[in-house]
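Report on the following structure.
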Amino acid sequence: MEKLKQYHSQIIRLGLSGDNDAMGRVIKFCAISTNGDLGYALKVFGSLPQPDTFIYNTIFRGYLQLQLPKECISLYVQMLHASVTPNKFTFPSVVKACTFDNVVELGQQVHAQIFKFGYQSDGFSQNSLIHMYVSFKSLEKARRVFDMMPQRDDVSWTILISGYSQSGFIDDARKLFDLMPEKNPASWNAMIAACVQSNRFHEAFLLFDQMRQTSQFKLDKFVAASMLSACTGLGALKQGEWIHDNIKKSGIEVDHKLATTIIDMYCKCGSIEKAFATFNQFPTKGISSWNCMIGGFAMHGKGEEAIELFKRMENESKVSPDYITFVNLISACAHSGLVQEGRHYFQHMVKVHNISPGMEHYGCMVDLLGRAGLLNEAMKLINEMPMDPDVSVMGAFVGACKIHGNIELGEKIGEKVIELDPHNSGRYVLLANIYATASKWEDVAKIRKLMNDRGVKKSRGFSLIETDGAVTEFIAGGRSHPDSEEIYAKVKEMLACIRSIGYVPEAESVVHDISEEEEMEKALFYHSEKLAIAFGLLKTKAGETLRITKNLRVCKDCHEASKLISKFFDREIIVRDRSRFHHFKHGVCSCNDYW
DNA sequence: ATAGGGTTAG
């Protein structure tokens, strides 16, 4: 900047202070370069008698870089008033400003102007319009621009594909993708990411395999990141490791984002050790990597390790803890029953880091106190919150009421939670289970009827297990697997074995229409988790760890059974449920039955 | 001189 100012005064001495070519260079440097100074650029701009289109365009870009779309738009208006004619470099910026500022009507006016000035066949302008309509959720308009383009390039296709996917129209995205004549890495990634975001992990893997068969295939960091997320979603550790290896081999530069994705994959695929090793390997860590690692320890019930890492972050890291850091840290305390520490960090966050507690922090604190049986303190905290508690905070409280058998409070708050979140089956199941614990069967039936009347379906549980690098999915009572006879026989054998060391079936969830005891047991025995474990025992060598991923929480019976299976068959079983990990080994679980 | 793709929580 200093050098530039010298250069600038030289130009002025040469009498070129009104020369657009010379001043354009000065403005470009100030407005665009990372160590520039837009304020200075604006001063120079103001001193020019007749700035040209290039100079306007440059300032637009400067404003956009600093995320000042409103200023960009008003300068554009000023430009038109000054009768400076826009060119094809003008519109991409202005359209982007409309996109960021979410000004639909103005965006359409700019669209009309693009037409008027004759840029209906300019790819850059048209692509920016597609992008704008996508972000306005006007998919039909985006599609119309796309269809009207004389020449579509891969950017046009890619924007529209990810546009469909972001609005939830995955099938439309897929149709478009299949129509695309020449796919490039960005468009492959748009489609793979679309699958990952809509939990279609298997489809993501199929696409990836197809992509690898194309001649110019080369793994880039975006595809790598999307595929890592697919592995994370399925709990597919082997595949995740494979991608990680390929990242190393391909010499892809691992930035903060990619590092975080890798760490998250290891955490959520059950290998906290590899996650931590990877974390420690990266010399420069972003805040997201720290947060992710602390969150990983939280998920695995390693509260002390999370606290250690947090202290390290405070001492040695150049990044300071943020809002999410404390969500993860307090949740780590909650999952490990570290009540005192949780209280401490809740205070510490405000006193030392000047972060005021938000909804999520209250949610974690209510969870922490409630699980520990301190229902009164949890309630007190809810009442003291500066904002109204949302469903998640109250849901955490109801969960605590269930664990500690507090029917009165659980009923009162549980009903409120249902009304606040009427489409979430989990809310109904929770209250029904509270009634069931108190043997209030009529109330259980009442809840079941309410769910039926409202058409709320209990989400179907499934379990995934990875064997030999392939992921198999099981649903409760499912028989679609070719070896299902063998698997069911194995379940029988498995349960007989653990009965001999004290297993007693215990139903918890009672929202099924199951009356007969025998029926109940059958349903319990064929929970997806037990099928997956049986399959794992069949398909893996003795002593090999079983890794299972579930979409719901582990039920009490499966939890008990898993402990005993780990003992009887001398296997480590690692189960990821929707909120945490359970490491079953030698008959005990890492969660200490505290989940 | 300009555009499109990946990450972190409960």
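Scheme for the structure tokens: letters A, B, ... for chains in order shown; per-chain residue numbers from 1; ligand numbers from 1 in order shown.
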key: Neighbours of chain B in chain A at 6 Å, counting only C-alpha atoms (C1' of nucleotides), as a ChimeraX atom specification   = /A:89,155,158-159,186,189-190,222,225-226,257,260-261,288,292
message = Can you tell me which residues surround range 143-150 of chain A at a distance of at most 7 Å, considering only C-alpha atoms (C1' of nucleotides), apart from same-chain residues fewer than 5 positions away, and format the answer as a VMD selection string?
response = chain A and resid 121 126 130 156
Write the residues of the preceding selection, restricted to N, CA, C and O atoms, as a CSV table (one decimal), in the first residue's frame.
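So the final result, stored in result-v7.csv, reads:
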chain,number,residue,atom,x,y,z
A,121,SER,N,-26.4,-13.4,-24.7
A,121,SER,CA,-25.6,-14.6,-25.0
A,121,SER,C,-24.3,-14.6,-24.3
A,121,SER,O,-23.4,-15.4,-24.7
A,126,GLN,N,-25.2,-14.7,-18.0
A,126,GLN,CA,-26.3,-15.6,-17.9
A,126,GLN,C,-26.1,-16.6,-16.7
A,126,GLN,O,-27.0,-16.9,-16.0
A,130,ILE,N,-28.5,-17.4,-13.5
A,130,ILE,CA,-29.0,-18.7,-13.0
A,130,ILE,C,-28.7,-18.8,-11.5
A,130,ILE,O,-29.6,-19.2,-10.7
A,156,SER,N,-22.8,-23.5,-16.2
A,156,SER,CA,-24.3,-23.4,-16.2
A,156,SER,C,-24.9,-24.7,-15.7
A,156,SER,O,-25.9,-24.6,-14.8
Interatomic distance, CA of Pro49 in chain A to CA of Gln78 in chain A (Å, one decimal) =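 Between CA of Pro49 in chain A and CA of Gln78 in chain A the gap works out to 14.0 Å.
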request  = Extract the full set of strand (DSSP E) residues from range 266-474 of chain A according to DSSP on the backbone, and format it as a ChimeraX atom specification.
outcome  = /A:462-467,470-474
inquiry  = Between CA of Tyr63 in chain A and CA of Gln120 in chain A, what is the distance in Å, rounded to a tenth?
reply    = 25.0 Å
